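Scroll down for the structure; my scribbles are underneath it.
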Amino acid sequence: MIRKLYQSVFSEKYRMRSKQFLNRMTARFYQGDEYTCNCCEKSFKQFKAKGNTLVTRANAQCPFCGSLERTRTLLFYLRNETSLFTEPARLLHFAPESSLSPFFKKADNIDYVTADLNPNYADYRVDIMNIPFCDESFDYIICSHVLGHVPDEKQAIRELYRVLKPSGTALIATILDRKNPHTFETGDADTPEKRLQYYSEPDLLRLRGNDFSKRLEEGGFQVEIIDYAVQLGDDKRKKYSLGDGSRELIFKCKKAESEESCISETLD
Ligand SMILES: [Zn+2]
């Protein structure tokens, strides 16, 4: 009742800002040096737990900036292994994480575009199955934990491929059941309760198995699966709480150079 009244009186943007402010105020109760967040550079005795009635992850969310295991892993990867922060780039960021966006906004070399179905979360209201941007218009795309919620995932992947420039990179992440070679998807999962039971989250539409990279390849991408938390080593993985790989794998999806440039390179 009180929650509904609060939601009807205050806009979603106001509520989001209030929540961020409250988080930052209460983060002081987590003060310590056991864990560190590479997004806000603050240390804590623990991160917040995150999850639902079925699955809860300890030490998942930064109490100050709200980063998750996958956010921290991705920031390490972007800084250490890509040219995103060093070379001119046009970046399309779906469902932009508030703990990552400031890095892209303040980088002079990045032409930053954010997109979400909810316009309160991004610059543009965008249905990922029908992206309103021109062909080959982005050097980088970040799309983390979006595709599992999209009704027509195949169409969304086609659209991501279309708007990416030749030799561009899409960095995609999703929840995975790494023990299962196949994606699990059933028409019976028609309520939030059933989706929670089948897919571990009430708004997921499928639980991806190890065939996820094949689906991306079918969309035209050259795919490399990167378990960057493992590459960083056990000490960093624990210190920054980078997860167990069920949500943090980075699917690095490259779009090949266009045929024209291949021919001209050959002629040179
Ligand atoms: Zn943080």
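The way I read the labels, and the way they are meant: chains A, B, ... in the order of the structure tokens, residue 1 as the first residue of every chain, and ligand 1 as the first ligand shown, with later ones counted on from there.
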### Query
Can I get the residues close to ligand 1 as JSON, numbers by chain, where close means within 7 Å and we count only C-alpha atoms and all ligand atoms?
{"A": [37, 38, 39, 40, 41, 42, 62, 63, 64, 65, 66, 67, 99]}
Next, write the just-selected residues to a file, as a CSV table (one decimal), in the first residue's frame, keeping C-alpha atoms as the atom set.
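What follows is the written file out.csv:
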chain,number,residue,atom,x,y,z
A,37,CYS,CA,35.1,-2.7,-5.9
A,38,ASN,CA,37.0,-1.6,-9.0
A,39,CYS,CA,34.1,0.5,-10.2
A,40,CYS,CA,34.0,2.9,-7.2
A,41,GLU,CA,37.4,2.0,-5.8
A,42,LYS,CA,35.9,1.5,-2.3
A,62,CYS,CA,28.8,-3.3,-4.1
A,63,PRO,CA,27.0,-1.5,-1.3
A,64,PHE,CA,28.1,1.9,-2.7
A,65,CYS,CA,27.8,1.9,-6.5
A,66,GLY,CA,25.7,-1.2,-7.0
A,67,SER,CA,28.2,-3.1,-9.2
A,99,SER,CA,28.3,1.7,-12.1
### Query
So which residues touch A:Thr86 within 12 Å, counting only C-alpha atoms, skipping near sequence neighbours fewer than 3 positions away, as a PyMOL selection string?
chain A and resi 78-83+89+104+107-110
Mind writing the picked residues with N, CA and C atoms as a compact mmCIF listing (two decimals), in the first residue's frame?
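The new file part.txt reads:
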# COMPACT_ATOMS: atom_id res chain seq x y z
N LEU A 78 37.60 -4.57 -20.02
CA LEU A 78 37.60 -3.41 -20.93
C LEU A 78 38.88 -2.59 -20.77
N ARG A 79 39.30 -2.41 -19.53
CA ARG A 79 40.49 -1.60 -19.28
C ARG A 79 41.78 -2.31 -19.70
N ASN A 80 41.83 -3.61 -19.42
CA ASN A 80 43.09 -4.34 -19.63
C ASN A 80 43.26 -4.88 -21.05
N GLU A 81 42.14 -5.20 -21.69
CA GLU A 81 42.25 -6.02 -22.90
C GLU A 81 41.67 -5.38 -24.16
N THR A 82 41.08 -4.20 -24.05
CA THR A 82 40.49 -3.59 -25.24
C THR A 82 41.04 -2.17 -25.44
N SER A 83 40.74 -1.63 -26.61
CA SER A 83 41.16 -0.26 -26.91
C SER A 83 40.03 0.74 -26.65
N ALA A 89 36.02 5.67 -30.41
CA ALA A 89 35.08 4.57 -30.57
C ALA A 89 33.65 5.05 -30.34
N PHE A 104 32.33 5.62 -19.31
CA PHE A 104 32.18 5.86 -20.75
C PHE A 104 31.81 7.32 -21.02
N ALA A 107 34.91 9.60 -20.80
CA ALA A 107 36.04 9.31 -21.70
C ALA A 107 35.88 10.15 -22.98
N ASP A 108 36.85 11.03 -23.23
CA ASP A 108 36.77 11.93 -24.39
C ASP A 108 36.75 11.18 -25.72
N ASN A 109 37.33 10.00 -25.73
CA ASN A 109 37.45 9.27 -27.01
C ASN A 109 36.19 8.47 -27.36
N ILE A 110 35.23 8.40 -26.41
CA ILE A 110 34.06 7.54 -26.63
C ILE A 110 32.83 8.37 -26.97
### Message
Could you check the closest approach to A:Asn130 for each of A:Cys143, A:Val150, A:Ala156, A:Asn118 and tell me which residue wins, using only C-alpha atoms?
### Response
A:Ala156
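Between atom CA of A:Leu232 and atom CA of A:Thr73 the interatomic distance comes to 9.2 Å.
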Per-residue DSSP, stretch 45-185 of chain A, filtered to helix (DSSP H, G or I), as a PDB file with N, CA and C atoms, in the first residue's frame:
ATOM      1  N   GLU A  69      29.085  -8.837  -9.774  1.00  0.00           N
ATOM      2  CA  GLU A  69      30.289  -9.599 -10.144  1.00  0.00           C
ATOM      3  C   GLU A  69      30.612  -9.385 -11.618  1.00  0.00           C
ATOM      4  N   ARG A  70      29.574  -9.453 -12.469  1.00  0.00           N
ATOM      5  CA  ARG A  70      29.794  -9.336 -13.911  1.00  0.00           C
ATOM      6  C   ARG A  70      30.223  -7.922 -14.317  1.00  0.00           C
ATOM      7  N   THR A  71      29.740  -6.909 -13.579  1.00  0.00           N
ATOM      8  CA  THR A  71      30.118  -5.525 -13.881  1.00  0.00           C
ATOM      9  C   THR A  71      31.595  -5.315 -13.610  1.00  0.00           C
ATOM     10  N   ARG A  72      32.042  -5.799 -12.466  1.00  0.00           N
ATOM     11  CA  ARG A  72      33.443  -5.612 -12.086  1.00  0.00           C
ATOM     12  C   ARG A  72      34.370  -6.383 -13.037  1.00  0.00           C
ATOM     13  N   THR A  73      33.942  -7.604 -13.397  1.00  0.00           N
ATOM     14  CA  THR A  73      34.741  -8.406 -14.336  1.00  0.00           C
ATOM     15  C   THR A  73      34.860  -7.698 -15.682  1.00  0.00           C
ATOM     16  N   LEU A  74      33.735  -7.174 -16.163  1.00  0.00           N
ATOM     17  CA  LEU A  74      33.730  -6.517 -17.473  1.00  0.00           C
ATOM     18  C   LEU A  74      34.609  -5.268 -17.468  1.00  0.00           C
ATOM     19  N   LEU A  75      34.575  -4.497 -16.366  1.00  0.00           N
ATOM     20  CA  LEU A  75      35.412  -3.284 -16.322  1.00  0.00           C
ATOM     21  C   LEU A  75      36.896  -3.642 -16.356  1.00  0.00           C
ATOM     22  N   PHE A  76      37.265  -4.679 -15.616  1.00  0.00           N
ATOM     23  CA  PHE A  76      38.663  -5.146 -15.691  1.00  0.00           C
ATOM     24  C   PHE A  76      39.020  -5.488 -17.131  1.00  0.00           C
ATOM     25  N   TYR A  77      38.134  -6.228 -17.781  1.00  0.00           N
ATOM     26  CA  TYR A  77      38.414  -6.676 -19.151  1.00  0.00           C
ATOM     27  C   TYR A  77      38.540  -5.482 -20.102  1.00  0.00           C
ATOM     28  N   LEU A  78      37.601  -4.565 -20.021  1.00  0.00           N
ATOM     29  CA  LEU A  78      37.601  -3.414 -20.926  1.00  0.00           C
ATOM     30  C   LEU A  78      38.880  -2.590 -20.772  1.00  0.00           C
ATOM     31  N   ARG A  79      39.298  -2.410 -19.531  1.00  0.00           N
ATOM     32  CA  ARG A  79      40.494  -1.599 -19.283  1.00  0.00           C
ATOM     33  C   ARG A  79      41.779  -2.314 -19.699  1.00  0.00           C
ATOM     34  N   ASN A  80      41.832  -3.613 -19.419  1.00  0.00           N
ATOM     35  CA  ASN A  80      43.091  -4.341 -19.631  1.00  0.00           C
ATOM     36  C   ASN A  80      43.258  -4.880 -21.046  1.00  0.00           C
ATOM     37  N   GLU A  81      42.144  -5.203 -21.688  1.00  0.00           N
ATOM     38  CA  GLU A  81      42.253  -6.023 -22.903  1.00  0.00           C
ATOM     39  C   GLU A  81      41.670  -5.382 -24.159  1.00  0.00           C
ATOM     40  N   SER A 101      28.478   3.238 -16.605  1.00  0.00           N
ATOM     41  CA  SER A 101      28.210   4.376 -17.495  1.00  0.00           C
ATOM     42  C   SER A 101      29.132   5.581 -17.270  1.00  0.00           C
ATOM     43  N   PRO A 102      29.400   5.985 -16.020  1.00  0.00           N
ATOM     44  CA  PRO A 102      30.237   7.180 -15.821  1.00  0.00           C
ATOM     45  C   PRO A 102      31.605   7.074 -16.477  1.00  0.00           C
ATOM     46  N   PHE A 103      32.174   5.866 -16.544  1.00  0.00           N
ATOM     47  CA  PHE A 103      33.489   5.709 -17.179  1.00  0.00           C
ATOM     48  C   PHE A 103      33.407   6.040 -18.668  1.00  0.00           C
ATOM     49  N   PHE A 104      32.326   5.622 -19.308  1.00  0.00           N
ATOM     50  CA  PHE A 104      32.177   5.856 -20.747  1.00  0.00           C
ATOM     51  C   PHE A 104      31.812   7.322 -21.018  1.00  0.00           C
ATOM     52  N   LYS A 105      30.987   7.886 -20.139  1.00  0.00           N
ATOM     53  CA  LYS A 105      30.556   9.278 -20.328  1.00  0.00           C
ATOM     54  C   LYS A 105      31.733  10.236 -20.255  1.00  0.00           C
ATOM     55  N   LYS A 106      32.640   9.986 -19.342  1.00  0.00           N
ATOM     56  CA  LYS A 106      33.718  10.961 -19.146  1.00  0.00           C
ATOM     57  C   LYS A 106      34.934  10.699 -20.046  1.00  0.00           C
ATOM     58  N   PRO A 119      12.813   4.153 -21.025  1.00  0.00           N
ATOM     59  CA  PRO A 119      13.552   5.391 -21.328  1.00  0.00           C
ATOM     60  C   PRO A 119      14.139   6.067 -20.087  1.00  0.00           C
ATOM     61  N   ASN A 120      13.696   5.677 -18.897  1.00  0.00           N
ATOM     62  CA  ASN A 120      14.272   6.259 -17.684  1.00  0.00           C
ATOM     63  C   ASN A 120      15.686   5.759 -17.428  1.00  0.00           C
ATOM     64  N   TYR A 121      16.057   4.677 -18.094  1.00  0.00           N
ATOM     65  CA  TYR A 121      17.367   4.084 -17.849  1.00  0.00           C
ATOM     66  C   TYR A 121      18.399   4.436 -18.915  1.00  0.00           C
ATOM     67  N   LEU A 147      19.730 -10.507 -23.418  1.00  0.00           N
ATOM     68  CA  LEU A 147      19.151 -11.429 -24.405  1.00  0.00           C
ATOM     69  C   LEU A 147      18.252 -12.502 -23.780  1.00  0.00           C
ATOM     70  N   GLY A 148      18.534 -12.901 -22.554  1.00  0.00           N
ATOM     71  CA  GLY A 148      17.707 -13.924 -21.889  1.00  0.00           C
ATOM     72  C   GLY A 148      16.292 -13.455 -21.624  1.00  0.00           C
ATOM     73  N   HIS A 149      16.079 -12.145 -21.707  1.00  0.00           N
ATOM     74  CA  HIS A 149      14.757 -11.574 -21.427  1.00  0.00           C
ATOM     75  C   HIS A 149      13.999 -11.209 -22.707  1.00  0.00           C
ATOM     76  N   GLU A 153      15.185 -13.961 -29.481  1.00  0.00           N
ATOM     77  CA  GLU A 153      16.625 -13.754 -29.283  1.00  0.00           C
ATOM     78  C   GLU A 153      17.385 -13.753 -30.610  1.00  0.00           C
ATOM     79  N   LYS A 154      16.943 -14.606 -31.535  1.00  0.00           N
ATOM     80  CA  LYS A 154      17.615 -14.711 -32.833  1.00  0.00           C
ATOM     81  C   LYS A 154      17.564 -13.368 -33.574  1.00  0.00           C
ATOM     82  N   GLN A 155      16.405 -12.737 -33.553  1.00  0.00           N
ATOM     83  CA  GLN A 155      16.229 -11.440 -34.209  1.00  0.00           C
ATOM     84  C   GLN A 155      17.092 -10.375 -33.523  1.00  0.00           C
ATOM     85  N   ALA A 156      17.158 -10.422 -32.191  1.00  0.00           N
ATOM     86  CA  ALA A 156      17.982  -9.458 -31.453  1.00  0.00           C
ATOM     87  C   ALA A 156      19.452  -9.606 -31.842  1.00  0.00           C
ATOM     88  N   ILE A 157      19.925 -10.835 -31.972  1.00  0.00           N
ATOM     89  CA  ILE A 157      21.330 -11.068 -32.360  1.00  0.00           C
ATOM     90  C   ILE A 157      21.563 -10.553 -33.779  1.00  0.00           C
ATOM     91  N   ARG A 158      20.599 -10.772 -34.660  1.00  0.00           N
ATOM     92  CA  ARG A 158      20.715 -10.240 -36.032  1.00  0.00           C
ATOM     93  C   ARG A 158      20.851  -8.724 -36.018  1.00  0.00           C
ATOM     94  N   GLU A 159      20.066  -8.081 -35.164  1.00  0.00           N
ATOM     95  CA  GLU A 159      20.107  -6.627 -35.073  1.00  0.00           C
ATOM     96  C   GLU A 159      21.443  -6.122 -34.511  1.00  0.00           C
ATOM     97  N   LEU A 160      21.956  -6.815 -33.499  1.00  0.00           N
ATOM     98  CA  LEU A 160      23.261  -6.437 -32.946  1.00  0.00           C
ATOM     99  C   LEU A 160      24.332  -6.529 -34.033  1.00  0.00           C
ATOM    100  N   TYR A 161      24.258  -7.603 -34.811  1.00  0.00           N
ATOM    101  CA  TYR A 161      25.230  -7.798 -35.900  1.00  0.00           C
ATOM    102  C   TYR A 161      25.094  -6.684 -36.940  1.00  0.00           C
ATOM    103  N   ARG A 162      23.881  -6.329 -37.247  1.00  0.00           N
ATOM    104  CA  ARG A 162      23.630  -5.315 -38.289  1.00  0.00           C
ATOM    105  C   ARG A 162      24.227  -3.959 -37.920  1.00  0.00           C
ATOM    106  N   VAL A 163      24.037  -3.522 -36.672  1.00  0.00           N
ATOM    107  CA  VAL A 163      24.478  -2.162 -36.313  1.00  0.00           C
ATOM    108  C   VAL A 163      25.965  -2.080 -35.948  1.00  0.00           C
TER     109      VAL A 163
END
